[in-house]
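Data from protein.cif: mmCIF, C-alpha atoms and all ligand atoms
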data_target
#
loop_
_atom_site.group_PDB
_atom_site.id
_atom_site.type_symbol
_atom_site.label_atom_id
_atom_site.label_comp_id
_atom_site.auth_asym_id
_atom_site.auth_seq_id
_atom_site.Cartn_x
_atom_site.Cartn_y
_atom_site.Cartn_z
ATOM 1 C CA MET A 1 132.625 254.560 54.740
ATOM 2 C CA THR A 2 133.835 251.149 53.615
ATOM 3 C CA ASP A 3 130.290 249.888 53.178
ATOM 4 C CA THR A 4 126.779 251.295 53.163
ATOM 5 C CA TYR A 5 124.423 250.740 56.072
ATOM 6 C CA HIS A 6 121.988 248.558 54.130
ATOM 7 C CA THR A 7 124.581 246.066 52.859
ATOM 8 C CA HIS A 8 124.422 244.039 56.071
ATOM 9 C CA ALA A 9 120.943 245.048 57.237
ATOM 10 C CA GLU A 10 119.497 241.553 56.773
ATOM 11 C CA THR A 11 122.161 239.994 59.023
ATOM 12 C CA PHE A 12 121.642 242.762 61.562
ATOM 13 C CA LEU A 13 117.836 242.528 61.598
ATOM 14 C CA ALA A 14 117.912 238.723 61.907
ATOM 15 C CA GLN A 15 120.124 238.962 65.001
ATOM 16 C CA LEU A 16 118.575 242.052 66.658
ATOM 17 C CA PRO A 17 115.686 240.259 68.449
ATOM 18 C CA LYS A 18 118.227 237.788 69.910
ATOM 19 C CA GLY A 19 120.480 240.630 71.044
ATOM 20 C CA VAL A 20 123.426 242.703 69.845
ATOM 21 C CA PHE A 21 126.093 244.501 71.872
ATOM 22 C CA MET A 22 125.905 248.262 72.377
ATOM 23 C CA THR A 23 129.312 249.487 73.541
ATOM 24 C CA VAL A 24 130.045 252.951 74.898
ATOM 25 C CA GLN A 25 133.173 254.722 75.976
ATOM 26 C CA ALA A 26 133.060 257.900 78.065
ATOM 27 C CA GLY A 27 136.480 259.151 79.143
ATOM 28 C CA GLU A 28 138.330 256.160 80.600
ATOM 29 C CA LYS A 29 135.162 254.136 81.180
ATOM 30 C CA THR A 30 133.836 251.569 78.745
ATOM 31 C CA ASN A 31 130.794 249.329 79.033
ATOM 32 C CA THR A 32 128.748 247.023 76.872
ATOM 33 C CA MET A 33 125.125 245.932 77.194
ATOM 34 C CA THR A 34 122.791 243.754 75.198
ATOM 35 C CA ILE A 35 120.027 245.504 73.291
ATOM 36 C CA ALA A 36 117.204 244.058 71.212
ATOM 37 C CA TRP A 37 115.254 247.204 70.390
ATOM 38 C CA GLY A 38 116.341 249.663 67.737
ATOM 39 C CA HIS A 39 115.977 250.944 64.204
ATOM 40 C CA ILE A 40 118.230 251.250 61.229
ATOM 41 C CA GLY A 41 117.386 253.667 58.417
ATOM 42 C CA ILE A 42 117.755 257.186 57.115
ATOM 43 C CA LEU A 43 117.261 260.489 58.936
ATOM 44 C CA TRP A 44 118.299 263.949 57.771
ATOM 45 C CA GLY A 45 119.739 262.298 54.696
ATOM 46 C CA LYS A 46 122.157 260.216 56.781
ATOM 47 C CA PRO A 47 122.316 256.504 57.604
ATOM 48 C CA MET A 48 121.094 256.323 61.190
ATOM 49 C CA PHE A 49 120.730 253.828 64.044
ATOM 50 C CA ILE A 50 118.345 254.534 66.903
ATOM 51 C CA ALA A 51 118.912 252.720 70.203
ATOM 52 C CA TYR A 52 116.441 252.636 73.128
ATOM 53 C CA VAL A 53 118.142 252.801 76.518
ATOM 54 C CA ARG A 54 116.355 252.992 79.872
ATOM 55 C CA TYR A 55 117.348 255.639 82.418
ATOM 56 C CA SER A 56 118.316 252.960 84.921
ATOM 57 C CA ARG A 57 121.110 251.486 82.757
ATOM 58 C CA TYR A 58 124.755 252.239 83.538
ATOM 59 C CA THR A 59 125.031 252.524 79.748
ATOM 60 C CA TYR A 60 122.707 255.545 79.960
ATOM 61 C CA ALA A 61 125.004 257.226 82.492
ATOM 62 C CA LEU A 62 127.975 256.721 80.136
ATOM 63 C CA LEU A 63 126.005 257.804 77.046
ATOM 64 C CA GLN A 64 125.324 261.152 78.645
ATOM 65 C CA LYS A 65 129.058 261.861 78.557
ATOM 66 C CA ALA A 66 129.882 260.034 75.308
ATOM 67 C CA GLU A 67 130.164 261.233 71.715
ATOM 68 C CA ASP A 68 129.486 257.884 70.112
ATOM 69 C CA TYR A 69 128.654 254.199 70.520
ATOM 70 C CA THR A 70 129.128 251.012 68.537
ATOM 71 C CA ILE A 71 126.798 248.141 67.746
ATOM 72 C CA SER A 72 128.541 244.771 67.423
ATOM 73 C CA VAL A 73 126.491 241.942 65.966
ATOM 74 C CA PRO A 74 127.184 238.249 66.658
ATOM 75 C CA THR A 75 127.256 236.334 63.364
ATOM 76 C CA ASP A 76 127.276 232.836 64.844
ATOM 77 C CA ASP A 77 125.816 231.129 67.925
ATOM 78 C CA THR A 78 128.937 231.204 70.120
ATOM 79 C CA LEU A 79 128.051 234.420 71.981
ATOM 80 C CA LYS A 80 124.710 233.411 73.515
ATOM 81 C CA GLU A 81 126.134 233.278 77.044
ATOM 82 C CA ALA A 82 127.973 236.589 76.570
ATOM 83 C CA LEU A 83 124.721 238.227 75.408
ATOM 84 C CA LYS A 84 123.019 236.883 78.516
ATOM 85 C CA ILE A 85 125.725 238.246 80.828
ATOM 86 C CA ALA A 86 125.853 241.651 79.090
ATOM 87 C CA GLY A 87 122.050 241.770 79.252
ATOM 88 C CA THR A 88 121.634 240.887 82.933
ATOM 89 C CA LYS A 89 124.698 242.213 84.775
ATOM 90 C CA SER A 90 125.426 245.933 85.168
ATOM 91 C CA GLY A 91 128.722 247.622 84.410
ATOM 92 C CA ARG A 92 128.166 249.491 87.680
ATOM 93 C CA ASP A 93 128.973 246.271 89.549
ATOM 94 C CA GLY A 94 132.039 245.123 87.622
ATOM 95 C CA ASP A 95 133.833 244.731 84.313
ATOM 96 C CA LYS A 96 131.411 242.980 81.940
ATOM 97 C CA PHE A 97 134.068 242.426 79.268
ATOM 98 C CA LEU A 98 135.886 240.254 81.786
ATOM 99 C CA ALA A 99 132.699 238.568 83.008
ATOM 100 C CA ALA A 100 131.485 237.768 79.475
ATOM 101 C CA ASN A 101 134.927 237.017 78.017
ATOM 102 C CA LEU A 102 134.651 239.781 75.421
ATOM 103 C CA THR A 103 137.558 241.654 73.834
ATOM 104 C CA ARG A 104 137.543 245.370 73.037
ATOM 105 C CA SER A 105 139.004 246.268 69.685
ATOM 106 C CA PRO A 106 139.675 249.849 68.461
ATOM 107 C CA SER A 107 137.045 251.305 66.145
ATOM 108 C CA LYS A 108 137.940 252.897 62.826
ATOM 109 C CA GLN A 109 136.087 256.232 63.200
ATOM 110 C CA VAL A 110 134.866 256.609 66.787
ATOM 111 C CA LYS A 111 136.213 256.404 70.351
ATOM 112 C CA SER A 112 133.940 253.608 71.568
ATOM 113 C CA PRO A 113 135.498 250.225 70.760
ATOM 114 C CA VAL A 114 133.859 247.281 68.991
ATOM 115 C CA ILE A 115 133.624 243.703 70.297
ATOM 116 C CA ALA A 116 136.286 241.614 68.544
ATOM 117 C CA GLU A 117 134.336 238.322 68.846
ATOM 118 C CA CYS A 118 131.490 239.728 66.689
ATOM 119 C CA GLY A 119 131.433 239.573 62.896
ATOM 120 C CA LEU A 120 129.528 242.756 62.018
ATOM 121 C CA HIS A 121 130.039 246.284 63.400
ATOM 122 C CA TYR A 122 128.333 249.659 63.189
ATOM 123 C CA GLU A 123 130.131 252.783 64.404
ATOM 124 C CA CYS A 124 127.657 255.500 65.385
ATOM 125 C CA ARG A 125 128.193 259.160 66.256
ATOM 126 C CA ILE A 126 125.483 260.520 68.543
ATOM 127 C CA VAL A 127 123.671 263.360 66.783
ATOM 128 C CA TYR A 128 120.421 263.613 68.763
ATOM 129 C CA THR A 129 118.745 262.167 71.844
ATOM 130 C CA GLN A 130 115.094 262.221 72.824
ATOM 131 C CA THR A 131 113.223 260.995 75.862
ATOM 132 C CA GLN A 132 109.894 259.266 75.500
ATOM 133 C CA GLU A 133 106.769 261.175 76.528
ATOM 134 C CA PRO A 134 104.923 258.765 78.854
ATOM 135 C CA ALA A 135 101.558 260.499 78.344
ATOM 136 C CA LEU A 136 101.728 259.706 74.625
ATOM 137 C CA ILE A 137 102.394 255.983 75.095
ATOM 138 C CA PRO A 138 99.221 253.848 74.722
ATOM 139 C CA GLU A 139 98.034 252.785 78.173
ATOM 140 C CA ALA A 140 98.342 249.023 77.568
ATOM 141 C CA ILE A 141 101.974 249.458 76.532
ATOM 142 C CA ARG A 142 102.706 251.878 79.382
ATOM 143 C CA THR A 143 101.277 249.466 81.936
ATOM 144 C CA ARG A 144 103.210 246.529 80.504
ATOM 145 C CA TYR A 145 106.586 248.127 79.875
ATOM 146 C CA TYR A 146 106.701 251.093 82.259
ATOM 147 C CA PRO A 147 105.167 250.177 85.641
ATOM 148 C CA GLU A 148 108.021 252.278 87.057
ATOM 149 C CA PRO A 149 108.959 255.689 85.604
ATOM 150 C CA ASP A 150 111.942 254.133 83.794
ATOM 151 C CA THR A 151 111.214 255.011 80.183
ATOM 152 C CA HIS A 152 113.554 254.676 77.222
ATOM 153 C CA ILE A 153 115.747 257.394 75.832
ATOM 154 C CA MET A 154 116.370 257.268 72.098
ATOM 155 C CA PHE A 155 119.966 257.700 71.009
ATOM 156 C CA PHE A 156 120.191 258.617 67.344
ATOM 157 C CA GLY A 157 123.596 257.571 66.038
ATOM 158 C CA GLU A 158 124.761 258.527 62.569
ATOM 159 C CA ILE A 159 126.351 255.395 61.124
ATOM 160 C CA VAL A 160 129.823 256.604 60.196
ATOM 161 C CA ASP A 161 131.154 253.140 59.395
ATOM 162 C CA VAL A 162 129.848 249.604 58.972
ATOM 163 C CA TYR A 163 131.964 246.547 58.200
ATOM 164 C CA ARG A 164 132.386 242.831 58.757
ATOM 165 C CA LEU A 165 135.393 241.445 60.569
ATOM 166 C CA ASP A 166 134.747 237.734 60.234
HETATM 167 C C1 LIG B 1 118.049 240.111 74.879
HETATM 168 C C2 LIG B 1 118.091 241.375 75.695
HETATM 169 C C3 LIG B 1 117.733 242.587 75.089
HETATM 170 C C4 LIG B 1 117.772 243.801 75.809
HETATM 171 N N1 LIG B 1 117.436 244.969 75.180
HETATM 172 C C5 LIG B 1 117.509 246.154 75.839
HETATM 173 C C6 LIG B 1 117.240 247.397 75.159
HETATM 174 O O1 LIG B 1 116.971 247.459 73.941
HETATM 175 N N2 LIG B 1 117.303 248.542 75.914
HETATM 176 C C7 LIG B 1 117.619 248.538 77.252
HETATM 177 O O2 LIG B 1 117.653 249.614 77.876
HETATM 178 N N3 LIG B 1 117.897 247.364 77.912
HETATM 179 C C8 LIG B 1 117.872 246.186 77.233
HETATM 180 N N4 LIG B 1 118.168 245.006 77.870
HETATM 181 C C9 LIG B 1 118.523 245.021 79.296
HETATM 182 C C10 LIG B 1 119.978 245.438 79.553
HETATM 183 O O3 LIG B 1 120.879 244.772 78.672
HETATM 184 C C11 LIG B 1 120.358 245.072 81.011
HETATM 185 O O4 LIG B 1 119.526 245.777 81.901
HETATM 186 C C12 LIG B 1 121.825 245.326 81.338
HETATM 187 O O5 LIG B 1 122.123 244.622 82.534
HETATM 188 C C13 LIG B 1 122.163 246.800 81.505
HETATM 189 O O6 LIG B 1 123.534 246.909 81.688
HETATM 190 P P1 LIG B 1 124.265 248.237 82.218
HETATM 191 O O7 LIG B 1 123.667 248.612 83.550
HETATM 192 O O8 LIG B 1 125.721 247.817 82.334
HETATM 193 O O9 LIG B 1 124.057 249.306 81.189
HETATM 194 C C14 LIG B 1 118.159 243.790 77.167
HETATM 195 C C15 LIG B 1 118.520 242.560 77.785
HETATM 196 C C16 LIG B 1 118.501 241.379 77.059
HETATM 197 C C17 LIG B 1 118.892 240.076 77.724
#

Just give me the structure as structure tokens.
Amino acid sequence: MTDTYHTHAETFLAQLPKGVFMTVQAGEKTNTMTIAWGHIGILWGKPMFIAYVRYSRYTYALLQKAEDYTISVPTDDTLKEALKIAGTKSGRDGDKFLAANLTRSPSKQVKSPVIAECGLHYECRIVYTQTQEPALIPEAIRTRYYPEPDTHIMFFGEIVDVYRLD
């Protein structure tokens, strides 16, 4: 690893609530979507990212067949519109890279590409997935976030590389 996961954590955590790109490749298909929920830390002695992806996302369909994903973090304000497009359109309906004017760039360690326009990148190998247990979610949260049975699936990705490209 060229860098350790915590080196850029402050940049990552400052941007996360505004959105970062989660990009997945499964076979010939690639897609990116905006996410704003997730964790960065340590699990099983490894640097780990955990993403929360709803069943209904096309990204979820690809993740089921993928070995890895990347998280690309905007490091300036030029990608606001792209984050909006990636966070409202579905890859099921068309090529979001084209729609959002985003360029795929080969990753260093994994198959899923990174987004060239972003300054900070995490390459994550999927080591574990877990679905949420609706009965264990506090009722107020369940009512607010899950009026439909469309809960989040947690994708635990070992961070196998992290680097800046800006
Ligand atoms: C700022 C922002 C943050 C989002 N965060 C998440 C998230 O953490 N998990 C999730 O499942 N969807 C999240 N979404 C919604 C997806 O990005 C959106 O439904 C997207 O259109 C799904 O694309 P897909 O069908 O191509 O996978 C977010 C959207 C925005 C605008």

Could you report the residues within 10 Å of ligand LIG 1 (chain B), using only C-alpha atoms and all ligand atoms, as a ChimeraX atom specification?
-> /A:16-24,30-38,51-63,80-96,150-154

CA of Thr70 in chain A and CA of Ile50 in chain A are how many Å apart?
->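 Calculated distance between CA of Thr70 in chain A and CA of Ile50 in chain A is 11.5 Å.
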
May I ask for the distance between CA of Arg125 in chain A and CA of Pro47 in chain A, given in Å to one decimal place?
->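 Here the two named atoms are 10.8 Å from each other.
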
What is the CA of Cys118 in chain A-CA of Leu43 in chain A distance in Å, reported with one decimal?
->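 Separating CA of Cys118 in chain A from CA of Leu43 in chain A is a distance of 26.3 Å.
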
Which residue gives the smallest distance to Lys46 in chain A among A:Gln109, A:His6, A:Gln132, A:Glu67, with only C-alpha atoms counted?
->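 Of A:Gln109, A:His6, A:Gln132, A:Glu67, the one nearest Lys46 in chain A is A:His6, counting only C-alpha atoms.
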
Which one of A:Gly157, A:Gly27, A:Pro74, A:Gly41 sits closest to Ile115 in chain A if you count all atoms listed in the file?
-> A:Pro74

Protein, DNA and RNA residues within 12 Å of (121.6, 267.1, 69.9), all atoms listed in the file, as JSON, numbers by chain = {"A": [64, 67, 125, 126, 127, 128, 129, 130, 131, 154, 155, 156, 157, 158]}

Go through the shown structure with the PyMOL selection byres (((chain A and resi 111) around 7) and not hetatm) and write out the matching residues as number ranges by chain.
-> A: 25, 68, 107, 110, 112-113
